[in-house]
>>> print(open('model30.pdb').read())   # PDB, C-alpha atoms and all ligand atoms
MODEL        1
ATOM      1  CA  MET A   1      11.178  13.145   4.724
ATOM      2  CA  THR A   2      10.152  16.524   3.413
ATOM      3  CA  TYR A   3       6.608  17.737   3.846
ATOM      4  CA  SER A   4       5.908  19.889   0.848
ATOM      5  CA  ARG A   5       7.284  18.246  -2.237
ATOM      6  CA  GLU A   6       6.090  19.834  -5.442
ATOM      7  CA  ALA A   7       4.117  16.738  -6.388
ATOM      8  CA  THR A   8       2.003  17.023  -3.249
ATOM      9  CA  THR A   9       1.291  20.749  -3.079
ATOM     10  CA  ASP A  10      -2.114  20.610  -4.811
ATOM     11  CA  ILE A  11      -3.419  17.555  -3.048
ATOM     12  CA  TYR A  12      -4.919  19.451  -0.113
ATOM     13  CA  GLN A  13      -7.152  21.577  -2.326
ATOM     14  CA  GLN A  14      -8.061  18.740  -4.656
ATOM     15  CA  ILE A  15      -9.243  16.386  -1.943
ATOM     16  CA  GLY A  16     -11.352  19.058  -0.231
ATOM     17  CA  GLY A  17      -8.996  20.278   2.498
ATOM     18  CA  ALA A  18      -9.465  19.959   6.237
ATOM     19  CA  PRO A  19     -12.976  18.395   6.289
ATOM     20  CA  THR A  20     -11.789  15.519   4.096
ATOM     21  CA  LEU A  21      -8.647  14.939   6.147
ATOM     22  CA  GLN A  22     -10.712  14.981   9.327
ATOM     23  CA  LYS A  23     -13.065  12.341   7.907
ATOM     24  CA  LEU A  24     -10.093  10.297   6.772
ATOM     25  CA  VAL A  25      -8.455  10.137  10.198
ATOM     26  CA  ASP A  26     -11.830   9.549  11.887
ATOM     27  CA  VAL A  27     -12.400   6.474   9.725
ATOM     28  CA  PHE A  28      -8.768   5.318   9.544
ATOM     29  CA  TYR A  29      -7.795   5.090  13.235
ATOM     30  CA  PRO A  30     -10.652   2.878  14.416
ATOM     31  CA  LYS A  31      -9.497   0.424  11.747
ATOM     32  CA  VAL A  32      -5.899   0.630  12.971
ATOM     33  CA  TYR A  33      -6.964   0.113  16.591
ATOM     34  CA  ALA A  34      -9.094  -2.885  15.568
ATOM     35  CA  HIS A  35      -6.443  -4.519  13.385
ATOM     36  CA  PRO A  36      -4.831  -7.492  15.158
ATOM     37  CA  ASP A  37      -1.359  -6.759  13.716
ATOM     38  CA  LEU A  38      -1.450  -3.053  14.608
ATOM     39  CA  ALA A  39      -3.457  -2.793  17.824
ATOM     40  CA  PRO A  40      -0.538  -3.846  20.100
ATOM     41  CA  LEU A  41       1.418  -0.770  18.929
ATOM     42  CA  PHE A  42      -1.358   1.633  19.907
ATOM     43  CA  PRO A  43      -2.102   1.206  23.610
ATOM     44  CA  ASP A  44      -2.999   4.880  24.180
ATOM     45  CA  GLY A  45      -6.114   6.859  23.365
ATOM     46  CA  VAL A  46      -7.021   7.496  19.762
ATOM     47  CA  GLU A  47      -7.709  11.243  19.968
ATOM     48  CA  GLU A  48      -4.097  12.403  20.265
ATOM     49  CA  ILE A  49      -2.838  10.363  17.316
ATOM     50  CA  LYS A  50      -5.809  11.509  15.222
ATOM     51  CA  LYS A  51      -4.846  15.130  15.898
ATOM     52  CA  LYS A  52      -1.222  14.460  15.047
ATOM     53  CA  GLN A  53      -2.033  12.604  11.842
ATOM     54  CA  PHE A  54      -4.535  15.270  10.778
ATOM     55  CA  SER A  55      -1.864  17.935  11.321
ATOM     56  CA  PHE A  56       0.733  15.891   9.502
ATOM     57  CA  LEU A  57      -1.463  15.136   6.482
ATOM     58  CA  SER A  58      -2.501  18.786   6.261
ATOM     59  CA  GLN A  59       1.138  19.783   6.029
ATOM     60  CA  LEU A  60       2.132  16.923   3.764
ATOM     61  CA  SER A  61      -0.615  17.585   1.235
ATOM     62  CA  GLY A  62       0.225  21.259   0.853
ATOM     63  CA  GLY A  63      -2.280  22.694   3.348
ATOM     64  CA  PRO A  64      -1.499  24.638   6.527
ATOM     65  CA  PRO A  65       1.750  23.425   8.168
ATOM     66  CA  LEU A  66      -0.078  22.315  11.302
ATOM     67  CA  TYR A  67       2.311  19.580  12.344
ATOM     68  CA  THR A  68       5.246  21.949  12.664
ATOM     69  CA  GLN A  69       3.040  24.579  14.301
ATOM     70  CA  ASN A  70       1.611  22.191  16.885
ATOM     71  CA  TYR A  71       4.425  19.707  17.471
ATOM     72  CA  GLY A  72       7.630  21.189  16.060
ATOM     73  CA  PHE A  73       9.923  19.599  13.553
ATOM     74  CA  GLY A  74       9.309  15.902  13.077
ATOM     75  CA  ASN A  75      11.345  13.360  11.186
ATOM     76  CA  MET A  76       8.645  10.735  10.743
ATOM     77  CA  ARG A  77      10.945   7.835  10.003
ATOM     78  CA  GLN A  78      12.883   8.670  13.141
ATOM     79  CA  LYS A  79       9.651   8.864  15.159
ATOM     80  CA  HIS A  80       8.801   5.317  14.086
ATOM     81  CA  VAL A  81      12.157   3.744  14.966
ATOM     82  CA  GLN A  82      10.965   2.944  18.483
ATOM     83  CA  PHE A  83       8.189   0.691  17.113
ATOM     84  CA  GLU A  84       8.810  -2.718  15.570
ATOM     85  CA  ILE A  85       7.513  -2.121  12.075
ATOM     86  CA  THR A  86       7.528  -5.224   9.930
ATOM     87  CA  GLU A  87       6.532  -5.508   6.285
ATOM     88  CA  LYS A  88       3.335  -7.162   7.487
ATOM     89  CA  ARG A  89       2.506  -4.177   9.712
ATOM     90  CA  ALA A  90       3.268  -1.698   6.915
ATOM     91  CA  LYS A  91       0.855  -3.613   4.666
ATOM     92  CA  ALA A  92      -1.779  -3.691   7.413
ATOM     93  CA  TRP A  93      -1.432   0.088   7.969
ATOM     94  CA  LEU A  94      -1.769   0.691   4.235
ATOM     95  CA  SER A  95      -4.780  -1.603   3.941
ATOM     96  CA  CYS A  96      -6.540   0.397   6.697
ATOM     97  CA  MET A  97      -5.690   3.607   4.821
ATOM     98  CA  HIS A  98      -6.902   2.203   1.510
ATOM     99  CA  GLU A  99     -10.189   1.086   3.057
ATOM    100  CA  ALA A 100     -10.653   4.429   4.819
ATOM    101  CA  MET A 101     -10.097   6.325   1.566
ATOM    102  CA  ASP A 102     -12.639   4.085  -0.160
ATOM    103  CA  GLU A 103     -15.150   4.503   2.652
ATOM    104  CA  ILE A 104     -15.079   8.298   2.614
ATOM    105  CA  GLY A 105     -15.369   8.252  -1.173
ATOM    106  CA  LEU A 106     -11.956   9.762  -1.876
ATOM    107  CA  SER A 107     -11.002   9.124  -5.485
ATOM    108  CA  GLY A 108      -9.157  10.642  -8.409
ATOM    109  CA  PRO A 109      -5.543  11.616  -9.055
ATOM    110  CA  ALA A 110      -5.079  13.450  -5.732
ATOM    111  CA  ARG A 111      -6.126  10.355  -3.796
ATOM    112  CA  ASP A 112      -3.684   8.294  -5.841
ATOM    113  CA  ASP A 113      -0.866  10.779  -5.176
ATOM    114  CA  LEU A 114      -1.565  10.867  -1.451
ATOM    115  CA  TYR A 115      -1.827   7.102  -1.220
ATOM    116  CA  SER A 116       1.336   6.575  -3.206
ATOM    117  CA  PHE A 117       3.249   8.955  -0.916
ATOM    118  CA  LEU A 118       1.988   7.058   2.130
ATOM    119  CA  TYR A 119       2.769   3.733   0.451
ATOM    120  CA  GLN A 120       6.383   4.744  -0.047
ATOM    121  CA  ALA A 121       6.684   6.214   3.438
ATOM    122  CA  ALA A 122       5.201   3.107   5.079
ATOM    123  CA  HIS A 123       7.757   0.918   3.352
ATOM    124  CA  ARG A 124      10.570   3.256   4.381
ATOM    125  CA  PHE A 125       9.433   2.904   8.002
ATOM    126  CA  VAL A 126       9.932  -0.885   7.995
ATOM    127  CA  ASN A 127      12.703  -1.495  10.520
ATOM    128  CA  THR A 128      12.168  -5.084  11.731
ATOM    129  CA  ALA A 129      12.393  -8.411   9.899
ATOM    130  CA  GLU A 130       9.412 -10.754   9.986
ATOM    131  CA  THR A 131       9.601 -13.620  12.465
ATOM    132  CA  GLU A 132       7.177 -16.373  13.339
ATOM    133  CA  ASN A 133       5.733 -14.175  16.068
ATOM    134  CA  ARG A 134       5.248 -10.903  14.283
TER
HETATM  135  C1  LIG A 201       4.213   1.472   8.350
HETATM  136  C2  LIG A 201       3.206   1.298   9.220
HETATM  137  C3  LIG A 201       3.030   2.238  10.385
HETATM  138  C4  LIG A 201       2.916   1.878  11.688
HETATM  139  C5  LIG A 201       2.889   0.447  12.224
HETATM  140  C6  LIG A 201       2.824   3.096  12.460
HETATM  141  C7  LIG A 201       2.726   3.167  13.843
HETATM  142  C8  LIG A 201       2.737   4.305  14.597
HETATM  143  C9  LIG A 201       2.711   4.362  16.043
HETATM  144  C10 LIG A 201       2.674   3.135  16.965
HETATM  145  C11 LIG A 201       2.699   5.658  16.412
HETATM  146  C12 LIG A 201       2.644   6.226  17.858
HETATM  147  C13 LIG A 201       1.225   6.332  18.289
HETATM  148  C14 LIG A 201       1.061   7.022  19.626
HETATM  149  O1  LIG A 201       1.877   7.906  19.979
HETATM  150  O2  LIG A 201       0.085   6.682  20.319
HETATM  151  C15 LIG A 201       2.737   6.438  15.187
HETATM  152  C16 LIG A 201       2.752   7.806  15.154
HETATM  153  C17 LIG A 201       2.632   8.538  14.019
HETATM  154  N1  LIG A 201       2.616   8.051  12.729
HETATM  155 FE1  LIG A 201       2.773   6.132  12.178
HETATM  156  N2  LIG A 201       2.867   4.170  11.624
HETATM  157  C18 LIG A 201       2.998   3.699  10.346
HETATM  158  C19 LIG A 201       3.064   4.453   9.205
HETATM  159  C20 LIG A 201       2.917   5.812   9.144
HETATM  160  C21 LIG A 201       2.916   6.597   7.934
HETATM  161  C22 LIG A 201       3.095   6.025   6.527
HETATM  162  C23 LIG A 201       2.752   7.885   8.307
HETATM  163  C24 LIG A 201       2.720   9.103   7.442
HETATM  164  C25 LIG A 201       3.664   9.280   6.501
HETATM  165  C26 LIG A 201       2.646   7.922   9.749
HETATM  166  C27 LIG A 201       2.447   9.053  10.507
HETATM  167  C28 LIG A 201       2.475   9.100  11.871
HETATM  168  C29 LIG A 201       2.378  10.338  12.644
HETATM  169  C30 LIG A 201       2.202  11.739  12.089
HETATM  170  C31 LIG A 201       2.494   9.985  13.983
HETATM  171  C32 LIG A 201       2.528  10.924  15.189
HETATM  172  C33 LIG A 201       3.993  11.247  15.451
HETATM  173  C34 LIG A 201       4.193  12.086  16.705
HETATM  174  O3  LIG A 201       4.124  13.295  16.611
HETATM  175  O4  LIG A 201       4.403  11.508  17.769
HETATM  176  N3  LIG A 201       2.748   6.643  10.227
HETATM  177  N4  LIG A 201       2.755   5.596  14.118
ENDMDL
END
>>> encode(input="model30.pdb", output="structure tokens")
Amino acid sequence: MTYSREATTDIYQQIGGAPTLQKLVDVFYPKVYAHPDLAPLFPDGVEEIKKKQFSFLSQLSGGPPLYTQNYGFGNMRQKHVQFEITEKRAKAWLSCMHEAMDEIGLSGPARDDLYSFLYQAAHRFVNTAETENR
């Protein structure tokens, strides 16, 4: 996955930059940690993943390349291979993101662009077929 596709370069400015992304991760991760389908994948503290996601979204949306600065090169699909990501979990992750965007009042074309990027990425990260148990 590339981080600065042309289509995403204006998103950072349009959504209001770092303060908006900070609000987004602050509202998003409690939902992820509370979601019955996602919680088992996130046994560790929430602060580290919030920092990583904030850095990643900053970079992805055309803002400062914080993920690379703080954590080095990251192939996100590769980083998710170790987790069993089913279609159901991708949908759950996206529903938390959708709700979080609604809750912080993020709207307009830049929200739609960001969400649609995440929608596509989440589906690319699916690596495990559904079973009765998952
Ligand atoms: C499809 C559903 C998804 C699931 C179930 C999922 C799950 C996870 C898990 C379990 C971790 C590790 C958490 C930890 O280290 O404590 C993680 C890390 C991460 N995820 Fe996801 N994720 C999903 C989708 C996405 C999407 C769509 C993005 C953005 C495109 C994303 C970005 C990240 C980032 C930036 C990290 C931190 C990577 C690192 O530096 O270690 N995830 N994810």
>>> residues_around(input="model30.pdb", residues="segment 67-81 of chain A", least_positions_apart="5", cutoff="10 Å", atoms="all atoms listed in the file", output="ChimeraX atom specification")
/A:1-3,51-60,121-122,124-128
>>> axis_aligned_box(input="model30.pdb", around="ligand LIG 201 (chain A)", padding_each_side="6 Å", output="AutoDock Vina command-line options")
--center_x 2.2 --center_y 6.9 --center_z 13.4 --size_x 16.3 --size_y 24.8 --size_z 25.8
>>> closest_residue(input="model30.pdb", among="A:Ala129, A:Leu38, A:Cys96, A:Ala110", to="ligand LIG 201 (chain A)", atoms="all atoms listed in the file")
A:Leu38
>>> residues_near_point(input="model30.pdb", point="(-2.4, 22.9, 3.2)", cutoff="8 Å", atoms="all atoms listed in the file", output="ChimeraX atom specification")
/A:9,12-13,17,58-65
>>> closest_residue(input="model30.pdb", among="A:Asp10, A:Phe42, A:Leu118, A:Pro19", to="Ser95 of chain A", atoms="only C-alpha atoms")
A:Leu118
>>> closest_residue(input="model30.pdb", among="A:Gly108, A:Trp93, A:Thr131, A:Glu99", to="ligand LIG 201 (chain A)", atoms="all atoms listed in the file")
A:Trp93
>>> atom_distance(input="model30.pdb", atom1="atom CA of Glu48 of chain A", atom2="atom CA of Phe83 of chain A")
17.3 Å
>>> closest_residue(input="model30.pdb", among="A:Ser116, A:Thr20, A:Ser107, A:Gln14", to="ligand LIG 201 (chain A)", atoms="all atoms listed in the file")
A:Ser116
>>> decode(input="model30.pdb", residues="segment 74-110 of chain A", atoms="N, CA and C atoms", output="compact mmCIF listing (two decimals), in the first residue's frame")
# COMPACT_ATOMS: atom_id res chain seq x y z
N GLY A 74 6.37 0.67 6.76
CA GLY A 74 5.40 -0.34 7.18
C GLY A 74 4.49 -0.75 6.05
N ASN A 75 4.53 -2.02 5.70
CA ASN A 75 3.55 -2.56 4.77
C ASN A 75 2.37 -3.03 5.61
N MET A 76 1.27 -2.26 5.55
CA MET A 76 0.17 -2.51 6.49
C MET A 76 -0.49 -3.87 6.28
N ARG A 77 -0.61 -4.28 5.02
CA ARG A 77 -1.23 -5.60 4.82
C ARG A 77 -0.37 -6.67 5.49
N GLN A 78 0.94 -6.53 5.27
CA GLN A 78 1.88 -7.48 5.86
C GLN A 78 1.79 -7.47 7.38
N LYS A 79 1.62 -6.28 7.97
CA LYS A 79 1.55 -6.18 9.43
C LYS A 79 0.29 -6.83 9.99
N HIS A 80 -0.70 -7.04 9.14
CA HIS A 80 -1.95 -7.64 9.61
C HIS A 80 -2.03 -9.14 9.36
N VAL A 81 -1.03 -9.70 8.69
CA VAL A 81 -1.07 -11.12 8.33
C VAL A 81 -1.12 -12.01 9.58
N GLN A 82 -0.47 -11.54 10.64
CA GLN A 82 -0.40 -12.35 11.86
C GLN A 82 -1.75 -12.44 12.60
N PHE A 83 -2.71 -11.61 12.21
CA PHE A 83 -4.02 -11.64 12.88
C PHE A 83 -5.04 -12.31 11.97
N GLU A 84 -5.94 -13.08 12.55
CA GLU A 84 -6.98 -13.72 11.74
C GLU A 84 -8.04 -12.68 11.43
N ILE A 85 -7.98 -12.15 10.24
CA ILE A 85 -8.95 -11.11 9.85
C ILE A 85 -9.96 -11.70 8.89
N THR A 86 -11.16 -11.84 9.39
CA THR A 86 -12.28 -12.37 8.61
C THR A 86 -13.05 -11.19 8.02
N GLU A 87 -13.93 -11.50 7.09
CA GLU A 87 -14.82 -10.49 6.51
C GLU A 87 -15.63 -9.82 7.64
N LYS A 88 -16.08 -10.66 8.57
CA LYS A 88 -16.88 -10.14 9.68
C LYS A 88 -16.08 -9.12 10.51
N ARG A 89 -14.80 -9.42 10.74
CA ARG A 89 -13.97 -8.50 11.52
C ARG A 89 -13.69 -7.22 10.73
N ALA A 90 -13.49 -7.36 9.42
CA ALA A 90 -13.26 -6.15 8.60
C ALA A 90 -14.49 -5.25 8.69
N LYS A 91 -15.69 -5.87 8.61
CA LYS A 91 -16.92 -5.07 8.68
C LYS A 91 -17.06 -4.43 10.05
N ALA A 92 -16.69 -5.16 11.10
CA ALA A 92 -16.80 -4.62 12.46
C ALA A 92 -15.85 -3.42 12.61
N TRP A 93 -14.61 -3.58 12.11
CA TRP A 93 -13.62 -2.48 12.18
C TRP A 93 -14.17 -1.26 11.46
N LEU A 94 -14.73 -1.48 10.27
CA LEU A 94 -15.26 -0.36 9.49
C LEU A 94 -16.47 0.27 10.17
N SER A 95 -17.29 -0.55 10.82
CA SER A 95 -18.47 0.04 11.48
C SER A 95 -18.03 0.91 12.66
N CYS A 96 -16.97 0.52 13.37
CA CYS A 96 -16.43 1.37 14.44
C CYS A 96 -15.91 2.68 13.85
N MET A 97 -15.23 2.59 12.71
CA MET A 97 -14.68 3.79 12.07
C MET A 97 -15.80 4.72 11.60
N HIS A 98 -16.82 4.13 11.00
CA HIS A 98 -17.96 4.90 10.51
C HIS A 98 -18.63 5.64 11.67
N GLU A 99 -18.87 4.92 12.74
CA GLU A 99 -19.50 5.53 13.93
C GLU A 99 -18.62 6.63 14.50
N ALA A 100 -17.31 6.39 14.57
CA ALA A 100 -16.40 7.38 15.14
C ALA A 100 -16.41 8.65 14.28
N MET A 101 -16.40 8.47 12.96
CA MET A 101 -16.44 9.64 12.08
C MET A 101 -17.74 10.42 12.28
N ASP A 102 -18.84 9.70 12.41
CA ASP A 102 -20.12 10.37 12.68
C ASP A 102 -20.06 11.13 14.00
N GLU A 103 -19.53 10.47 15.02
CA GLU A 103 -19.55 11.06 16.36
C GLU A 103 -18.72 12.33 16.46
N ILE A 104 -17.60 12.38 15.73
CA ILE A 104 -16.80 13.61 15.81
C ILE A 104 -17.26 14.65 14.79
N GLY A 105 -18.32 14.31 14.05
CA GLY A 105 -18.91 15.28 13.13
C GLY A 105 -18.10 15.47 11.85
N LEU A 106 -17.37 14.43 11.46
CA LEU A 106 -16.59 14.51 10.22
C LEU A 106 -17.51 14.21 9.04
N SER A 107 -17.57 15.14 8.10
CA SER A 107 -18.46 14.94 6.96
C SER A 107 -17.84 15.58 5.72
N GLY A 108 -18.49 15.40 4.60
CA GLY A 108 -18.01 16.02 3.37
C GLY A 108 -17.14 15.08 2.54
N PRO A 109 -16.68 15.58 1.39
CA PRO A 109 -15.95 14.74 0.44
C PRO A 109 -14.67 14.13 1.03
N ALA A 110 -13.97 14.88 1.90
CA ALA A 110 -12.71 14.36 2.43
C ALA A 110 -12.98 13.17 3.36
